[in-house]
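> First the structure, which I've put down as structure tokens, then a few questions once you've had a look.
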Amino acid sequence: MLLIPCPWCGPRDESEFHYGGQAHIAYPEDPSALTDDEWAHYLFFRDNPKGPFAERWSHAAGCRRWFNAVRDTSTNEFVEAPPYSAPPGFEEQGPGAKPPVSGRGGVVGVPPAKRGGESTPAPATDGRTQPFRLTTGGRVNRAERLTFTFDGTQYEGHPGDTLASALLANGIIRTGTSIKLGRPRGIFSAGVEEPNAVIQIEEPFPEPMLPATAVELYDGLVATGLPGQGRLATTPDPARYDAVHTHCDLLIVGAGPAGLAAAASAARSGARVILADDQPELGGSLLGTAQHLTWASEVEALLTSAPEVRILRRTTVFGYYDDNHLLAVERRTNHLGAHAPAHVSRERVHRIRARRVILATGAHERSLAFPDNDRPGIMLAGSARTYVNKYGVVPGRKAVVFTTNDSAHAVARDLAAAGVEIAAMVDTRQGEYVTGTEGEDRLTAVLVGDRRIEADLLLVSGGWNPVGHLYSQAGGKLRYDDALGTFVPAPGTCRQAVEVAASPAEGTAAAACALEAEGYAPEQPELPPVDAESETAPETVFVVFGTGGATSFVDLQRDVTVADLTRATGAGMRSVEHTKRYTTAGTANDQGKTSGVLASGTVAHLLGVDVSALGTTTFRPPYTPVSFATLAGRDRGALHDPIRTTAIHPWHVAHGALFENVGQWKRPWYYPQPGEDMETAVLRECTAAREGVAFMDASTLGKIDVQGPDAGVFLDRLYTNMMSTLKVGMIRYGVMARLDGMIFDDGTVIRLADDRFIVTTTTGNAATVLDWMEEWLQTEWPDLRVRFTSVTEQWATIALVGPRSREVLRDLAPDLAVDNADFPFMAWRDTTVAGIAARVCRISFSGELAYEINVSPWDALALWESVYAAGVTPYGTETMHVLRAEKGYPIIGQDTDGTVTPQDLGMSWVVSKKKKKDFVGKRSYARADAVRPDRKHLVGLLPEDPADFLPEGTHLVATGTLPEPPVPMLGHVTSSYCSAALGRTFALALVKGGRDRIGERLYAPVGDRLVPVTVAGPVLYDPEGARRDG
Amino acid sequence: MAETAMAETAMPETAMVGSTTTTHRPQSPLSGAAARFAAATRTSGGALRLAEVPFLAQINVRLDPKGPAAEAVGLALGLQLPPEPDTAVQAGELTALSLGPDEWLVVGPPSTQADLEARIRTAVGEEPAAVTDVSAQRTTVLVAGPRARDLLAHGCSLDLHPRAFGPGRCAQTTLARAQVVLIGRERGFCVLVRSSFAGYLADWLLDAASEYV
């Protein structure tokens, strides 16, 4: 969501704005002097540069002001924006202005992987139900037991477990089979990067495709393993989902050591800080390594006591968009299972606008591609350590460790201390490689060259990939880091106010930088001691080739192998973007978190190029999958889109009206009486209007109050006909066209005073017309002294229609002289109707004698009830449509579609020929295309059989038998009704050269039939207009 | 907006608004939501206060902010039309909200719209200006209480932290999917919403409040 700088209101979300296209394209001085080509060029041709582009914007949902700004079309950055300052005493909204300048190198280190030793878990186990659970250690609450079911078997776990850790505690590592090859697969990691253990929750909320490693255990959880694909729930999700907008000075993503250090620096600065982390507990990797936990809890205490610091636990920041707009999902009650309170949203989307962002998102361990590297029991090394230290679980009894770096040695030490036998350390830096594995449902042995080592666990570390997803989404570049053998965020390559921190020292530096930029003073917090132990450099290894036909997997979730990538490069592909699409590597719902860099490395190896030259594929939101229910939030059902109602709406509901949606309005469609179907009800309502008196709620028409000495001049320029000549007290119908001459709205104009008019618009178009008026005034004619105010809801309108309407009005408005001579057609009068102050207009949209009574909406229900009490028949929009169609009055948007001129509608009389030098659209009527004789004209259609009904949209052809395709189409039906007054069906249609075809026979394909129809003039009822005056 | 006008108790029981000869009781756009607002206010235990403040006089004024009319209107009303965008000034029973560089909304107690409009028109004199009674165009919803900011944050993208938005601030923006004028007040907000959208907004507010009631 871009923030667009309104010069008056400051930065606002782009959804509040209308785009106005290229700026500085002035309306020609004298359009009539232009050739057709020049006019077309002005109308249709615009620049489309990559880079800075001057364009127009209107703050449509705010101050309605148009302004110019220069936006870089390649970055969406507003490079030149009008000046704005927040009102005195208030902070400006939005993100920081410039990317912060930081002196740090931005080298991203691996997470600390040194022995902590704060507690040494005893190697004994809980023998009863959780044989792989340690008796001490970890952060689970052993005092409380949770019962859950997986694949039909009941197990126990503890609060603090994930589904994966609880399964491991019960000796379950295999969770399903792979998607394409059906190979057994098991828990591979301890976090959101999990490619294998994807499960379906069955109860209490059905939900597919969740990594077991990210599902918090709760009592009563029922889940099943999935063969790579889930099932959508067949019952509606009863849970509530919602969204909130959240703002802060500093958003810190990740509460590991770096994020905690950054937050500690900011805690007492006064800055508004949000610390978001996807785990229920703060600490990040420290929870897995059991290091510096005291420090972490001290920082947590500091943050909890800081009034402007907000900690969002169980919150995954999943998208990074323009102008530091980040989306995060908070899992609020998922972990409560069936005990989740119904009125609290289960998941919440935070739409975060942060002035500064620090990404402290840690790293994912990557695997290695070696033969048969997918059996259950093969696990990322650091994840095994997490299971021991965080969950008090050993994932196996006898382990082989296969590594390219030091971090796995610390894993081995922690696992050994937990009682796991380390059968072998295989370190590539010593020239040793795992060349194969054995076992079906679980690993039984590891092959290292000629050695066969029995083991139920193979812990793999191919190095660590810093999580660069959000930095990349933000527009930052990743660069190859030789020492780490992977891609890391390249500092200074992102235009947004974002920094990356990979260690506590970097966290405090990033916080200092961000806070200073925002005018806050950072503190130097106490940091955990840096271990002085020297490290041996990691080795960059991706693929280990074995012997025989064993398969080496790169992407476990998609079953993509080294052989698949070999086929891709063999087919000539040289880019990871191509091999990704060819093999689907990295496209599963884990988005290749453990396989992306491995795939790049494998392809580089196969091509014999350096992986640094190959790069990675692009990261796009979401970082982890988010359910549609969560994204929809409360925008469903009745709240999906506003329902606009008139002041009389409750009466319509109470009297059984059926409703039609017109724009966002609910309008009464017809009022069926008991036993009536739609046709009967509408025929009855039409008869009342034509033969007696009927009334309808016309309050939805748009109304704009136009005031100022130049109001008449302005309206002359915008309407195709004259408005300045209208006399005070009178009303005129008018049409507005776009510059291309096509009709876009119509309505009546009331002159209240020399300098004041009320313009009415069609129901769906009120806001568009007001925008259109503001656009011309502000951008082309700012010298005109005229102003507009929307008054759509200031007035409620009741249309009173029919030969008896005068008599009803006379009774209700005794002060009003209603005779034709006193109150002629197209005049208005202020008076009192049923005791209510009213403005009565003599307007007809039916051809009958008719009035529109305008009153305050506060009094509208009372007026409506008075009219009803006078015995008048209420009618809805369907009857209105029939009545107007019988008279050939078009509905803009139904009988027109943006390609129709007033002349096409047979309304040349509404287009001023000589009186006005110019008006919007005039020049286009002189274009060759506008005077083509075969333009489509609005005509009437009478089916030969008066009972034949032509569906709207029906095409028209010339012959009674269909020729070979292509069949020339002459036009289509735009409106079609059954008429009480005519005693037959009829239609309006746009037909090529239609006015020259009156009397002609055409054919309308309806189903299997070609219905013969006769072309008629559009006015089928009372063509001489005798009924208007009653 | 006048504090007195905002208090429910200050609302006359039988307000005679609109026409002068009515014998019926005028209907405000949210009269049908009053019971639900009251119930939510009650069950929130003081966290929220939701109520329609109906029938306030509202006059839309558009004129040249640098011209003599702006000053004349300010003198006539006893409060300056705020020149700063997105600000509100209050004097006595009247509040003037800046809606744009040449547009203000003057809000006063119920039944004063005719008088207000006349005073402003007289002050404007022959200067070009647009003075329009829009009292029924929008209705006012009071959203107050300690959770008011949290409630609005469900649908308002503006930063409503007191540092960024408080008494003296107003803004035209969107709340949920309705355009509103939002006014910062001491203990909450006033939301001016188009009458036709009021029912939708009431439903939305009450739904968003479910967690706090």
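Going by the structure tokens order, chains are called A, B, ..., each with residues numbered from 1, while ligands are numbered from 1 in the order shown.
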Report the closest atom pair, with its distance in Å rounded to one decimal, for each residue of chain A that has an atom no farther than 8 Å from chain B; count only C-alpha atoms, sort by chain and then rising residue number, and write it as CSV.

```
residue,atom,partner,partner_atom,distance
A:Trp8,CA,B:Pro85,CA,5.7
A:Cys9,CA,B:Pro85,CA,6.3
A:Arg12,CA,B:Leu158,CA,7.6
A:Asp13,CA,B:Ser157,CA,7.2
A:Glu16,CA,B:Thr173,CA,7.2
A:Ala61,CA,B:Thr173,CA,5.7
A:Gly62,CA,B:Gln172,CA,4.5
A:Cys63,CA,B:Gly100,CA,4.8
A:Arg64,CA,B:Gly100,CA,7.6
A:Arg65,CA,B:Gly100,CA,7.5
A:Pro87,CA,B:Glu84,CA,6.5
A:Gly89,CA,B:Arg163,CA,7.9
A:Phe90,CA,B:Ala164,CA,4.8
A:Glu91,CA,B:Ala164,CA,4.7
A:Glu92,CA,B:Ala164,CA,6.7
A:Gln93,CA,B:Asp159,CA,6.4
A:Asp242,CA,B:His154,CA,7.6
A:Ala243,CA,B:His154,CA,5.7
A:Val244,CA,B:His154,CA,4.1
A:His245,CA,B:Ala153,CA,5.2
A:Thr246,CA,B:Ala153,CA,7.2
A:His247,CA,B:Asp159,CA,6.0
A:His343,CA,B:Glu211,CA,5.5
A:Val344,CA,B:Glu211,CA,5.4
A:Ser345,CA,B:Glu211,CA,7.8
A:Leu639,CA,B:Trp204,CA,6.6
A:Asp641,CA,B:Arg177,CA,7.0
A:Pro642,CA,B:Tyr200,CA,5.6
A:Ile643,CA,B:Tyr200,CA,5.9
A:Arg644,CA,B:Ser196,CA,4.8
A:Thr645,CA,B:Ser196,CA,4.9
A:Thr646,CA,B:Ser196,CA,5.8
A:Ala647,CA,B:Pro29,CA,6.6
A:Asp705,CA,B:Thr132,CA,7.7
A:Val706,CA,B:Ala130,CA,7.8
A:Gln707,CA,B:Ala130,CA,5.3
A:Gly708,CA,B:Pro128,CA,5.7
A:Pro709,CA,B:Pro128,CA,6.7
A:Arg785,CA,B:Pro128,CA,6.4
A:Val786,CA,B:Ala129,CA,7.5
A:Arg787,CA,B:Ala130,CA,5.9
A:Phe788,CA,B:Ala130,CA,7.4
A:Thr789,CA,B:Thr132,CA,7.3
A:Val791,CA,B:Gln137,CA,6.2
A:Thr792,CA,B:Gln137,CA,7.0
A:Glu793,CA,B:Gln137,CA,4.5
A:Gln794,CA,B:Gln137,CA,4.3
A:Trp795,CA,B:Ala136,CA,7.5
A:Gly835,CA,B:Thr22,CA,5.8
A:Ile836,CA,B:Ser19,CA,5.8
A:Ala837,CA,B:Ser19,CA,5.1
A:Ser856,CA,B:Gly18,CA,6.3
A:Pro857,CA,B:Ala136,CA,6.7
A:Trp858,CA,B:Gln27,CA,4.7
A:Asp859,CA,B:Pro26,CA,5.4
A:Leu861,CA,B:Gln27,CA,7.7
A:Ala862,CA,B:His24,CA,6.8
```
> Out of region 1-158 of chain B, which residues get strand (DSSP E) from DSSP, as number ranges by chain?
B: 49-53, 57-63, 88-91, 94-100, 103-108, 129-133, 138-144
> Might you pull out every residue within 7 Å of region 392-397 of chain A, with only C-alpha atoms counted and same-chain residues fewer than 4 positions away left off, and present them as a list in words?
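Counting only C-alpha atoms, the residues come to Phe132, Arg133, Leu134, Thr136, Gly137, Gly138, Ser165, Leu168, Ala169, Ala384, Tyr387, Val388, Val420, Glu421, Asp456 and Leu457 of chain A.
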> Could you work out how far CA of Ala958 (chain A) lies from CA of Arg1001 (chain A), giving the answer in Å with one decimal?
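Atom-to-atom, CA of Arg1001 (chain A) and CA of Ala958 (chain A) are spaced 7.6 Å apart.
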> Find the residues near Gln80 (chain B): any atom within 12 Å, counting only C-alpha atoms, skip ones fewer than 6 places away on the same chain, and give them as a ChimeraX atom specification.
/B:65,69-74,87-91,94-98,104,106
> As an exercise, work out the distance from CA of Val991 (chain A) to CA of Leu970 (chain A) in Å and give it to one decimal place.
5.6 Å
> Pick out the residues sitting within 7 Å of Tyr19 (chain A), and hand them over as a list in words; count only C-alpha atoms, and ignore anything fewer than 5 positions along from it in its own chain.
Arg56, Trp57 and Ser58 of chain A
> If you keep N, CA, C and O atoms, can you produce a file of those selected residues as a PDB file, in the first residue's frame?

```
ATOM      1  N   ARG A  56      -1.138  13.267 -12.218  1.00  0.00           N
ATOM      2  CA  ARG A  56      -2.153  13.952 -11.433  1.00  0.00           C
ATOM      3  C   ARG A  56      -2.821  12.956 -10.485  1.00  0.00           C
ATOM      4  O   ARG A  56      -3.065  11.805 -10.849  1.00  0.00           O
ATOM      5  N   TRP A  57      -3.108  13.429  -9.299  1.00  0.00           N
ATOM      6  CA  TRP A  57      -3.817  12.601  -8.329  1.00  0.00           C
ATOM      7  C   TRP A  57      -4.929  13.435  -7.701  1.00  0.00           C
ATOM      8  O   TRP A  57      -4.799  14.655  -7.561  1.00  0.00           O
ATOM      9  N   SER A  58      -5.988  12.769  -7.307  1.00  0.00           N
ATOM     10  CA  SER A  58      -7.047  13.449  -6.559  1.00  0.00           C
ATOM     11  C   SER A  58      -7.237  12.710  -5.236  1.00  0.00           C
ATOM     12  O   SER A  58      -7.360  11.486  -5.214  1.00  0.00           O
TER      13      SER A  58
END
```
> Please compute the CA of Lys703 (chain A)-CA of Val759 (chain A) distance, one decimal, in Å.
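Here the two named atoms are 5.6 Å from each other.
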> Closest to Ile998 (chain A) among A:Thr177, A:Asn68, A:Thr1014, A:Thr687, using only C-alpha atoms?
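Of A:Thr177, A:Asn68, A:Thr1014, A:Thr687, the one nearest Ile998 (chain A), counting only C-alpha atoms, is A:Thr1014.
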> Using only C-alpha atoms, determine which residues lie at most 7 Å from Ala510 (chain A), disregarding the query and same-chain residues fewer than 4 positions distant; provide the list as an MDAnalysis selection string.
chainID A and resid 262 358 499 501 506 514
> Using only C-alpha atoms, find the one residue out of B:Ala144, B:Leu192, B:Leu81, B:Ala123 that sits nearest to Ala51 (chain B).
B:Ala144
> From the set B:Ala35, B:Leu77, B:Ala148, B:Ile120, which residue has the shortest atom-to-atom contact distance to Gly184 (chain B), counting only C-alpha atoms?
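That would be B:Ala148, the residue with the smallest distance to Gly184 (chain B).
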> Extract the full set of helix (DSSP H, G or I) residues from region 37-137 of chain B according to DSSP on the backbone, and format it as a list in words.
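DSSP-assigned helix (DSSP H, G or I) residues in region 37-137 of chain B: Phe37, Ala38, Ala39, Ala40, Thr41, Arg42, Thr43, Pro68, Ala69, Ala70, Glu71, Ala72, Val73, Gly74, Leu75, Ala76, Leu77, Gln113, Ala114, Asp115, Leu116, Glu117, Ala118, Arg119, Ile120, Arg121, Thr122, Ala123 and Val124 of chain B.
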> Taking into account only C-alpha atoms, which residue in the set A:Gln903, A:Ser612, A:Thr797, A:Ser924 is nearest to Leu43 (chain A)?
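Closest to Leu43 (chain A) of all the choices is A:Ser924.
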> Identify which of the residues A:Val626, A:Leu598, A:Leu336, A:Ala838 lies closest to Val611 (chain A), counting only C-alpha atoms when measuring atom-to-atom distances.
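Of all the options, A:Leu598 lies closest to Val611 (chain A).
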> As a PyMOL selection string, please: the residues near Thr493 (chain A) (cut-off 9 Å, only C-alpha atoms, same-chain neighbours under 5 positions excluded).
chain A and resi 475-478
> Would you mind exporting the chosen residues as an mmCIF file, in the first residue's frame, restricted to C-alpha atoms?

```cif
data_model
loop_
_atom_site.group_PDB
_atom_site.id
_atom_site.type_symbol
_atom_site.label_atom_id
_atom_site.label_comp_id
_atom_site.auth_asym_id
_atom_site.auth_seq_id
_atom_site.Cartn_x
_atom_site.Cartn_y
_atom_site.Cartn_z
ATOM 1 C CA GLY A 475 13.049 -4.042 -2.649
ATOM 2 C CA GLY A 476 16.467 -4.795 -1.169
ATOM 3 C CA LYS A 477 19.059 -6.814 -3.035
ATOM 4 C CA LEU A 478 20.749 -9.954 -1.814
#
```
